[in-house]
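So this block is run_30.cif, mmCIF, C-alpha atoms:
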```cif
data_protein
loop_
_atom_site.label_atom_id
_atom_site.label_comp_id
_atom_site.auth_asym_id
_atom_site.auth_seq_id
_atom_site.Cartn_x
_atom_site.Cartn_y
_atom_site.Cartn_z
CA MET A 1 -13.70 12.93 -11.33
CA SER A 2 -16.17 13.01 -14.16
CA ASN A 3 -16.90 9.98 -16.24
CA SER A 4 -17.06 12.09 -19.39
CA LEU A 5 -13.44 13.28 -19.34
CA MET A 6 -11.49 12.59 -22.52
CA PRO A 7 -9.30 9.47 -22.18
CA ARG A 8 -6.08 11.43 -22.54
CA SER A 9 -6.86 14.09 -19.97
CA ALA A 10 -8.25 11.51 -17.52
CA PHE A 11 -5.09 9.43 -17.93
CA LEU A 12 -2.90 12.48 -17.33
CA ARG A 13 -4.90 13.43 -14.25
CA GLY A 14 -4.37 9.96 -12.85
CA ALA A 15 -0.67 10.13 -13.63
CA ALA A 16 -0.42 13.48 -11.83
CA ALA A 17 -2.39 12.20 -8.83
CA ILE A 18 -0.05 9.26 -8.23
CA MET A 19 3.14 11.32 -8.65
CA PRO A 20 3.67 12.17 -4.95
CA LEU A 21 3.16 8.52 -3.93
CA SER A 22 5.39 7.29 -6.76
CA LEU A 23 8.20 9.51 -5.53
CA ALA A 24 7.53 8.50 -1.92
CA THR A 25 8.03 4.84 -2.83
CA ALA A 26 10.93 5.48 -5.24
CA PRO A 27 13.58 4.79 -2.59
CA TRP A 28 12.00 1.37 -2.11
CA GLY A 29 12.24 0.72 -5.82
CA LEU A 30 15.93 1.61 -5.65
CA LEU A 31 16.31 -0.68 -2.67
CA ALA A 32 14.44 -3.54 -4.39
CA GLY A 33 16.91 -3.29 -7.29
CA SER A 34 20.10 -2.96 -5.29
CA MET A 35 19.11 -5.66 -2.77
CA ALA A 36 18.42 -8.09 -5.60
CA ILE A 37 21.96 -7.59 -6.90
CA GLU A 38 23.35 -7.85 -3.40
CA ALA A 39 21.55 -11.20 -2.98
CA ASN A 40 23.34 -12.45 -6.13
CA LEU A 41 20.33 -12.31 -8.43
CA THR A 42 21.05 -11.43 -12.05
CA PRO A 43 19.94 -7.98 -13.29
CA LEU A 44 17.22 -9.68 -15.35
CA GLN A 45 15.91 -11.49 -12.28
CA GLY A 46 15.99 -8.28 -10.26
CA GLN A 47 14.01 -6.43 -12.91
CA GLY A 48 11.73 -9.44 -13.30
CA LEU A 49 10.70 -9.17 -9.65
CA SER A 50 9.56 -5.58 -10.14
CA SER A 51 7.95 -6.08 -13.54
CA ILE A 52 6.22 -9.42 -12.88
CA VAL A 53 5.53 -9.46 -9.13
CA PHE A 54 5.15 -5.68 -8.69
CA ALA A 55 4.65 -5.79 -4.91
CA GLY A 56 7.30 -3.90 -2.94
CA ALA A 57 6.97 -5.54 0.46
CA ALA A 58 6.79 -9.06 -0.98
CA GLN A 59 9.85 -8.40 -3.20
CA LEU A 60 12.01 -7.10 -0.37
CA VAL A 61 11.00 -9.92 1.96
CA ALA A 62 11.55 -12.57 -0.74
CA ILE A 63 15.05 -11.25 -1.44
CA GLY A 64 15.81 -11.23 2.29
CA MET A 65 14.58 -14.83 2.57
CA LEU A 66 16.65 -15.92 -0.46
CA LYS A 67 19.72 -14.48 1.22
CA GLY A 68 18.84 -16.45 4.34
CA GLY A 69 18.62 -19.64 2.26
CA ALA A 70 14.85 -20.13 2.41
CA GLY A 71 13.15 -22.52 -0.04
CA VAL A 72 10.80 -21.55 -2.86
CA PHE A 73 7.75 -22.95 -1.10
CA SER A 74 8.19 -20.92 2.07
CA ILE A 75 8.84 -17.80 -0.01
CA LEU A 76 5.62 -18.36 -1.97
CA LEU A 77 3.63 -18.93 1.22
CA THR A 78 5.06 -15.74 2.72
CA THR A 79 4.12 -13.87 -0.46
CA LEU A 80 0.55 -15.13 -0.13
CA LEU A 81 0.32 -13.94 3.47
CA LEU A 82 2.07 -10.62 2.84
CA THR A 83 -0.12 -9.65 -0.11
CA SER A 84 -3.47 -11.01 1.05
CA GLN A 85 -4.79 -7.50 1.74
CA HIS A 86 -5.18 -7.24 -2.04
CA LEU A 87 -8.10 -9.69 -1.79
CA LEU A 88 -9.92 -7.01 0.19
CA TYR A 89 -9.00 -4.30 -2.29
CA GLY A 90 -10.41 -6.42 -5.11
CA MET A 91 -13.60 -7.03 -3.15
CA HIS A 92 -13.94 -3.32 -2.40
CA MET A 93 -13.45 -2.39 -6.05
CA ARG A 94 -15.61 -5.21 -7.43
CA PRO A 95 -18.60 -2.93 -8.19
CA THR A 96 -16.46 -0.60 -10.32
CA LEU A 97 -13.94 -3.00 -11.90
CA SER A 98 -15.86 -6.22 -12.57
CA PRO A 99 -18.25 -4.74 -15.22
CA LEU A 100 -15.24 -3.72 -17.37
CA LYS A 101 -14.03 -5.65 -20.42
CA ALA A 102 -11.61 -8.50 -19.72
CA ARG A 103 -8.52 -6.64 -20.90
CA TRP A 104 -9.33 -3.64 -18.68
CA ARG A 105 -10.18 -5.87 -15.71
CA MET A 106 -6.96 -7.83 -16.01
CA SER A 107 -4.77 -4.76 -16.54
CA LEU A 108 -6.26 -2.76 -13.68
CA GLY A 109 -6.28 -5.93 -11.54
CA PHE A 110 -2.56 -6.37 -12.18
CA LEU A 111 -1.95 -2.73 -11.25
CA LEU A 112 -4.02 -2.91 -8.02
CA THR A 113 -1.41 -1.95 -5.41
CA ASP A 114 -1.84 -0.35 -1.98
CA GLU A 115 -1.17 3.01 -3.63
CA PHE A 116 -3.63 2.41 -6.50
CA PHE A 117 -6.28 1.44 -3.96
CA ALA A 118 -5.53 4.52 -1.85
CA LEU A 119 -6.30 6.80 -4.81
CA VAL A 120 -8.93 4.97 -6.88
CA SER A 121 -11.13 3.30 -4.25
CA GLN A 122 -13.04 6.51 -3.46
CA TYR A 123 -14.92 6.48 -6.78
CA ASP A 124 -18.23 4.70 -7.28
CA ARG A 125 -19.69 3.32 -10.48
CA GLN A 126 -20.83 6.77 -11.65
CA THR A 127 -17.65 8.69 -10.90
CA PHE A 128 -15.13 5.95 -11.79
CA ASN A 129 -13.06 6.59 -14.91
CA ARG A 130 -11.02 3.66 -16.26
CA TRP A 131 -8.53 5.96 -18.00
CA TYR A 132 -7.89 7.83 -14.77
CA ALA A 133 -7.33 4.48 -13.03
CA LEU A 134 -4.97 3.37 -15.79
CA GLY A 135 -3.05 6.65 -15.47
CA VAL A 136 -2.63 6.02 -11.74
CA GLY A 137 -1.65 2.36 -12.07
CA LEU A 138 0.56 2.48 -15.14
CA THR A 139 2.49 5.56 -14.01
CA PHE A 140 3.17 3.92 -10.67
CA TYR A 141 4.27 0.71 -12.42
CA ILE A 142 6.67 2.53 -14.75
CA ILE A 143 8.22 4.67 -12.01
CA TRP A 144 8.60 1.63 -9.75
CA ASN A 145 10.42 -0.23 -12.54
CA VAL A 146 12.60 2.74 -13.52
CA PHE A 147 13.79 3.08 -9.93
CA THR A 148 14.34 -0.67 -9.65
CA PHE A 149 16.48 -0.42 -12.78
CA ALA A 150 18.44 2.47 -11.24
CA GLY A 151 18.93 0.36 -8.09
CA ILE A 152 20.24 -2.54 -10.20
CA VAL A 153 22.68 -0.26 -12.03
CA LEU A 154 23.89 1.41 -8.85
CA GLY A 155 24.00 -2.01 -7.20
CA LYS A 156 25.90 -2.13 -3.97
CA SER A 157 26.95 1.50 -4.17
CA ILE A 158 23.94 2.79 -2.21
CA PRO A 159 25.09 2.40 1.38
CA GLY A 160 22.57 2.69 4.19
CA LEU A 161 19.60 3.50 1.96
CA ASP A 162 17.36 1.61 4.35
CA GLN A 163 18.54 3.68 7.31
CA LEU A 164 17.57 7.08 5.89
CA GLY A 165 14.03 6.91 7.28
CA LEU A 166 12.56 7.25 3.80
CA GLU A 167 9.70 4.93 4.68
CA PHE A 168 8.20 7.87 6.58
CA SER A 169 7.15 9.32 3.22
CA ILE A 170 4.80 6.35 2.73
CA ALA A 171 3.32 6.79 6.21
CA ALA A 172 2.96 10.55 5.61
CA THR A 173 1.05 9.97 2.36
CA PHE A 174 -1.26 7.37 3.85
CA ILE A 175 -1.93 9.57 6.90
CA ALA A 176 -2.86 12.41 4.55
CA LEU A 177 -5.31 10.06 2.77
CA ILE A 178 -6.79 8.60 5.98
CA THR A 179 -7.30 11.87 7.90
CA PRO A 180 -10.20 13.29 5.80
CA VAL A 181 -12.06 9.95 5.99
CA VAL A 182 -12.09 9.86 9.80
CA ARG A 183 -15.33 11.70 10.50
CA ASP A 184 -17.30 9.50 12.90
CA VAL A 185 -16.82 7.34 15.99
CA PRO A 186 -16.87 3.95 14.16
CA THR A 187 -14.03 5.10 11.87
CA ILE A 188 -12.00 6.33 14.85
CA VAL A 189 -12.48 2.92 16.49
CA CYS A 190 -11.47 1.22 13.23
CA VAL A 191 -8.26 3.26 12.99
CA ALA A 192 -7.40 2.75 16.67
CA VAL A 193 -7.90 -1.03 16.58
CA SER A 194 -6.02 -1.37 13.30
CA LEU A 195 -3.10 0.73 14.61
CA LEU A 196 -2.81 -1.19 17.89
CA CYS A 197 -3.05 -4.61 16.25
CA SER A 198 -0.64 -3.78 13.42
CA VAL A 199 2.08 -2.65 15.85
CA TRP A 200 1.48 -5.59 18.16
CA LEU A 201 1.31 -8.28 15.46
CA SER A 202 4.31 -6.87 13.56
CA TYR A 203 6.22 -6.84 16.83
CA LEU A 204 5.41 -10.56 17.11
CA HIS A 205 6.71 -10.99 13.52
CA TRP A 206 3.39 -12.12 12.05
CA GLU A 207 3.78 -12.18 8.28
CA SER A 208 0.08 -11.50 7.82
CA ALA A 209 0.11 -8.61 10.32
CA VAL A 210 -1.18 -6.05 7.82
CA VAL A 211 -4.20 -7.95 6.60
CA VAL A 212 -5.14 -9.39 10.01
CA SER A 213 -4.98 -6.02 11.76
CA GLY A 214 -6.71 -4.29 8.86
CA VAL A 215 -9.59 -6.77 9.01
CA LEU A 216 -9.78 -6.51 12.82
CA GLY A 217 -9.95 -2.71 12.56
CA MET A 218 -12.59 -2.87 9.84
CA SER A 219 -14.64 -5.36 11.89
CA ALA A 220 -14.43 -3.15 14.97
CA GLY A 221 -15.59 -0.11 12.97
CA PHE A 222 -18.37 -2.13 11.34
CA ALA A 223 -19.53 -3.49 14.72
CA CYS A 224 -19.65 0.04 16.16
CA LYS A 225 -21.68 1.27 13.23
CA ARG A 226 -24.13 -1.63 13.51
CA LEU A 227 -24.51 -1.03 17.26
CA GLY A 228 -25.16 2.64 16.58
CA VAL A 229 -22.15 3.87 18.56
CA GLY A 230 -21.65 7.63 18.32
CA GLN A 231 -25.00 8.29 16.68
CA ARG A 232 -27.53 10.71 18.01
CA MET B 1 14.83 -21.85 -9.98
CA ILE B 2 14.80 -18.11 -9.23
CA PHE B 3 12.55 -17.53 -12.24
CA VAL B 4 10.15 -20.23 -11.04
CA MET B 5 9.97 -18.31 -7.79
CA ILE B 6 9.46 -14.98 -9.57
CA PHE B 7 6.65 -16.32 -11.77
CA GLY B 8 5.12 -18.13 -8.79
CA MET B 9 5.14 -14.92 -6.75
CA GLY B 10 3.74 -12.98 -9.69
CA LEU B 11 0.90 -15.47 -10.07
CA ILE B 12 0.04 -15.42 -6.36
CA VAL B 13 0.03 -11.62 -6.18
CA PHE B 14 -2.05 -11.34 -9.37
CA LEU B 15 -4.60 -13.88 -8.12
CA ASN B 16 -4.90 -12.00 -4.82
CA ARG B 17 -5.52 -8.80 -6.72
CA TYR B 18 -7.79 -10.17 -9.43
CA LEU B 19 -9.92 -12.83 -7.69
CA PHE B 20 -12.79 -10.62 -6.56
CA ILE B 21 -12.77 -8.49 -9.70
CA GLU B 22 -13.69 -11.54 -11.80
CA PRO B 23 -17.40 -11.19 -12.66
CA ARG B 24 -17.92 -14.95 -12.97
CA LEU B 25 -17.00 -15.42 -9.32
CA PRO B 26 -20.43 -15.90 -7.73
CA VAL B 27 -20.16 -13.25 -5.01
CA ARG B 28 -22.80 -10.65 -4.42
CA LEU B 29 -21.97 -7.95 -1.96
CA ASN B 30 -24.96 -7.17 0.23
CA ARG B 31 -25.42 -4.00 2.25
CA GLY B 32 -23.55 -5.38 5.25
CA ALA B 33 -20.55 -6.35 3.14
CA ARG B 34 -20.49 -2.94 1.50
CA GLU B 35 -20.63 -1.22 4.87
CA PHE B 36 -17.77 -3.42 6.09
CA LEU B 37 -15.69 -2.66 3.01
CA GLY B 38 -16.34 1.04 3.55
CA PHE B 39 -13.81 0.77 6.37
CA ALA B 40 -11.13 -0.61 4.03
CA VAL B 41 -9.30 2.69 3.44
CA PRO B 42 -8.85 3.71 7.10
CA GLY B 43 -8.41 0.10 8.28
CA MET B 44 -5.87 -1.16 5.74
CA LEU B 45 -3.84 2.02 5.26
CA THR B 46 -3.55 2.45 9.04
CA ALA B 47 -2.30 -1.13 9.35
CA ILE B 48 0.49 -0.29 6.88
CA CYS B 49 1.43 2.92 8.75
CA GLY B 50 1.46 1.42 12.27
CA PRO B 51 4.69 -0.61 11.99
CA ILE B 52 6.45 2.18 10.04
CA ILE B 53 5.82 4.62 12.88
CA PHE B 54 6.27 2.46 15.97
CA LEU B 55 8.65 -0.27 14.72
CA ALA B 56 11.37 1.57 12.80
CA ASP B 57 14.39 -0.73 12.29
CA HIS B 58 12.31 -3.56 13.83
CA LYS B 59 12.61 -2.00 17.28
CA LEU B 60 9.52 -1.06 19.28
CA ASN B 61 9.59 2.67 20.01
CA LEU B 62 6.65 3.94 22.07
CA SER B 63 8.38 7.04 23.45
CA VAL B 64 6.96 10.53 22.84
CA SER B 65 10.28 11.62 21.34
CA ASN B 66 9.92 9.12 18.47
CA PRO B 67 10.44 11.31 15.36
CA TYR B 68 8.12 9.08 13.29
CA LEU B 69 5.34 9.56 15.85
CA LEU B 70 5.85 13.33 16.17
CA ALA B 71 5.94 13.81 12.41
CA GLY B 72 2.95 11.47 11.95
CA VAL B 73 0.86 13.51 14.41
CA SER B 74 2.03 16.66 12.62
CA ALA B 75 0.83 15.14 9.34
CA VAL B 76 -2.69 14.67 10.79
CA ALA B 77 -2.71 18.31 11.97
CA LEU B 78 -1.32 19.56 8.64
CA MET B 79 -3.97 17.65 6.72
CA PHE B 80 -6.76 19.17 8.86
CA TRP B 81 -5.26 22.60 8.39
CA THR B 82 -4.20 22.60 4.70
CA ARG B 83 -6.55 19.95 3.17
CA SER B 84 -3.78 19.25 0.65
CA VAL B 85 -2.11 15.84 0.39
CA LEU B 86 0.99 17.20 -1.31
CA ILE B 87 1.67 20.03 1.17
CA THR B 88 1.02 17.65 4.07
CA VAL B 89 3.47 15.06 2.76
CA LEU B 90 6.22 17.58 1.97
CA LEU B 91 5.95 19.56 5.23
CA SER B 92 5.67 16.46 7.44
CA MET B 93 8.73 14.96 5.71
CA ALA B 94 10.65 18.16 6.48
CA LEU B 95 9.43 18.02 10.09
CA PHE B 96 10.41 14.36 10.29
CA TYR B 97 14.03 15.11 9.39
CA LEU B 98 14.01 18.12 11.72
CA PHE B 99 12.79 15.98 14.63
CA ARG B 100 15.28 13.26 13.82
CA TRP B 101 18.09 15.77 13.79
CA LEU B 102 16.96 17.50 17.01
CA LEU B 103 16.12 14.41 19.11
#
```
So that I can check it, write out the structure of this file as structure tokens.
Amino acid sequence: MSNSLMPRSAFLRGAAAIMPLSLATAPWGLLAGSMAIEANLTPLQGQGLSSIVFAGAAQLVAIGMLKGGAGVFSILLTTLLLTSQHLLYGMHMRPTLSPLKARWRMSLGFLLTDEFFALVSQYDRQTFNRWYALGVGLTFYIIWNVFTFAGIVLGKSIPGLDQLGLEFSIAATFIALITPVVRDVPTIVCVAVSLLCSVWLSYLHWESAVVVSGVLGMSAGFACKRLGVGQR
Amino acid sequence: MIFVMIFGMGLIVFLNRYLFIEPRLPVRLNRGAREFLGFAVPGMLTAICGPIIFLADHKLNLSVSNPYLLAGVSAVALMFWTRSVLITVLLSMALFYLFRWLL
């Protein structure tokens, strides 16, 4: 990705790059909309979740908790735990995003999802293009909201959407993004530890399973690298 | 009350995302921190995939005939072979449904 690309073509490249992931998560957008209606939220509230919160996992869990009669405070605390991996994404992207103007920083910060991070984090200060990043983030935001809207309109008429195994598309995309990065022993250790912990902690119903296992995996990889494991 | 919750959630998620992008936050990332964050892509994305593959429908499935596992392993092989994210995702999705239908 060259820094010198024209804004329009960089934006379009970003939009094209996020397309597969947008479609992979589309069923979840549908589900976020239809579940909101099913939980007796108004259409405006359902759309508000997707347009203001814009965090799939947190939305679905919050709706589930509302249905179960949970209070606002416990929902907010769960949101904090569920989305805390974004702190790490922000830290990782600090060198490229923090020198930008406030309106760019805030917009790209708002759009910083798992999927955005998966695509944009590979660029450094020289190769980063803010228009490309905006293309990725904004396209994902619009598609997520369009599918939420479709879910709201279809409402309860999507039976068994969560049993179709559509979440595999997210795993497939992330696996395709992880595979080329795994080139040395420390990264293999990182992936192995993260995988084991995420399954184990999710099985124990830890709400912060993703961030805790991610950090444990990263620490294991980092420790291996510092100890010189796998180096000749 | 629902809107209070929605705005509250929105604020929390935004703060999580924005905090470390803010230049006035006095954090300087040294070489160690950068090296650690270099593991963010494999570490975090794997942590999202793990439960999808082994805990479908909130049930632990460690068997070799788990269609998520078989298709996930196929995705790794496809990525090595094709080097294309799109082909890998599409073919491994097809394999996933094939495995689910067969097993």
Translate the PyMOL selection byres ((chain B) within 6 of (chain A)) into a concrete residue list for this structure, as a PDB file with C-alpha atoms, in the frame of the given file.
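Generated file (expr.pdb):
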```
ATOM      1  CA  MET B   5       9.970 -18.310  -7.790  1.00  0.00           C
ATOM      2  CA  ILE B   6       9.460 -14.980  -9.570  1.00  0.00           C
ATOM      3  CA  MET B   9       5.140 -14.920  -6.750  1.00  0.00           C
ATOM      4  CA  GLY B  10       3.740 -12.980  -9.690  1.00  0.00           C
ATOM      5  CA  PHE B  14      -2.050 -11.340  -9.370  1.00  0.00           C
ATOM      6  CA  ASN B  16      -4.900 -12.000  -4.820  1.00  0.00           C
ATOM      7  CA  ARG B  17      -5.520  -8.800  -6.720  1.00  0.00           C
ATOM      8  CA  TYR B  18      -7.790 -10.170  -9.430  1.00  0.00           C
ATOM      9  CA  PHE B  20     -12.790 -10.620  -6.560  1.00  0.00           C
ATOM     10  CA  ILE B  21     -12.770  -8.490  -9.700  1.00  0.00           C
ATOM     11  CA  GLU B  22     -13.690 -11.540 -11.800  1.00  0.00           C
ATOM     12  CA  PRO B  23     -17.400 -11.190 -12.660  1.00  0.00           C
ATOM     13  CA  PHE B  36     -17.770  -3.420   6.090  1.00  0.00           C
ATOM     14  CA  LEU B  37     -15.690  -2.660   3.010  1.00  0.00           C
ATOM     15  CA  PHE B  39     -13.810   0.770   6.370  1.00  0.00           C
ATOM     16  CA  PRO B  42      -8.850   3.710   7.100  1.00  0.00           C
ATOM     17  CA  GLY B  43      -8.410   0.100   8.280  1.00  0.00           C
ATOM     18  CA  MET B  44      -5.870  -1.160   5.740  1.00  0.00           C
ATOM     19  CA  THR B  46      -3.550   2.450   9.040  1.00  0.00           C
ATOM     20  CA  ALA B  47      -2.300  -1.130   9.350  1.00  0.00           C
ATOM     21  CA  CYS B  49       1.430   2.920   8.750  1.00  0.00           C
ATOM     22  CA  GLY B  50       1.460   1.420  12.270  1.00  0.00           C
ATOM     23  CA  PRO B  51       4.690  -0.610  11.990  1.00  0.00           C
ATOM     24  CA  MET B  79      -3.970  17.650   6.720  1.00  0.00           C
ATOM     25  CA  VAL B  85      -2.110  15.840   0.390  1.00  0.00           C
ATOM     26  CA  VAL B  89       3.470  15.060   2.760  1.00  0.00           C
TER      27      VAL B  89
END
```
Next item on the list: Just the residues within 9 Å of Val153 in chain A, please, counting all atoms listed in the file, with nothing from its chain fewer than 2 positions along; format it as JSON, numbers by chain.
Entry: {"A": [33, 34, 37, 43, 148, 149, 150, 151, 155, 156]}
Next item on the list: Taking the file as shown, find all residues satisfying the PyMOL selection byres ((chain A and resi 139) around 10) and write them as a PyMOL selection string.
Entry: chain A and resi 11-12+14-19+22+111+133-138+140-145
Selected residues written out with C-alpha atoms, as a CSV table (one decimal), keeping the file's coordinate frame:
```
chain,number,residue,atom,x,y,z
A,11,PHE,CA,-5.1,9.4,-17.9
A,12,LEU,CA,-2.9,12.5,-17.3
A,14,GLY,CA,-4.4,10.0,-12.8
A,15,ALA,CA,-0.7,10.1,-13.6
A,16,ALA,CA,-0.4,13.5,-11.8
A,17,ALA,CA,-2.4,12.2,-8.8
A,18,ILE,CA,0.0,9.3,-8.2
A,19,MET,CA,3.1,11.3,-8.6
A,22,SER,CA,5.4,7.3,-6.8
A,111,LEU,CA,-2.0,-2.7,-11.2
A,133,ALA,CA,-7.3,4.5,-13.0
A,134,LEU,CA,-5.0,3.4,-15.8
A,135,GLY,CA,-3.0,6.6,-15.5
A,136,VAL,CA,-2.6,6.0,-11.7
A,137,GLY,CA,-1.6,2.4,-12.1
A,138,LEU,CA,0.6,2.5,-15.1
A,140,PHE,CA,3.2,3.9,-10.7
A,141,TYR,CA,4.3,0.7,-12.4
A,142,ILE,CA,6.7,2.5,-14.8
A,143,ILE,CA,8.2,4.7,-12.0
A,144,TRP,CA,8.6,1.6,-9.8
A,145,ASN,CA,10.4,-0.2,-12.5
```
Next item on the list: Could you expand the PyMOL selection byres ((chain B and resi 66) around 10) into the explicit residues it covers here, written as number ranges by chain?
Entry: B: 53-54, 56, 61-65, 67-72, 96, 99-100, 103
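We find CA of Tyr97 in chain B and CA of Leu31 in chain A to be spaced 20.0 Å apart.
Picture a line from CA of Ala32 in chain A to CA of Gly56 in chain A; it runs 7.3 Å.
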Check: Do you have the CA of Arg13 in chain A-CA of Tyr132 in chain A distance handy?
Finding: 6.4 Å
Padding of 5 Å on every side, edges along x, y and z, all listed atoms of range 51-54 of chain B included: what centre and edge lengths in Å, to one decimal, does that box have, as JSON?
```
{"center_x": 5.6, "center_y": 2.0, "center_z": 13.0, "size_x": 11.8, "size_y": 15.2, "size_z": 15.9}
```
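Distance check against Leu78 in chain B using only C-alpha atoms: of B:Met93, B:Val27, B:Phe3, B:Val41, the minimum falls on B:Met93.
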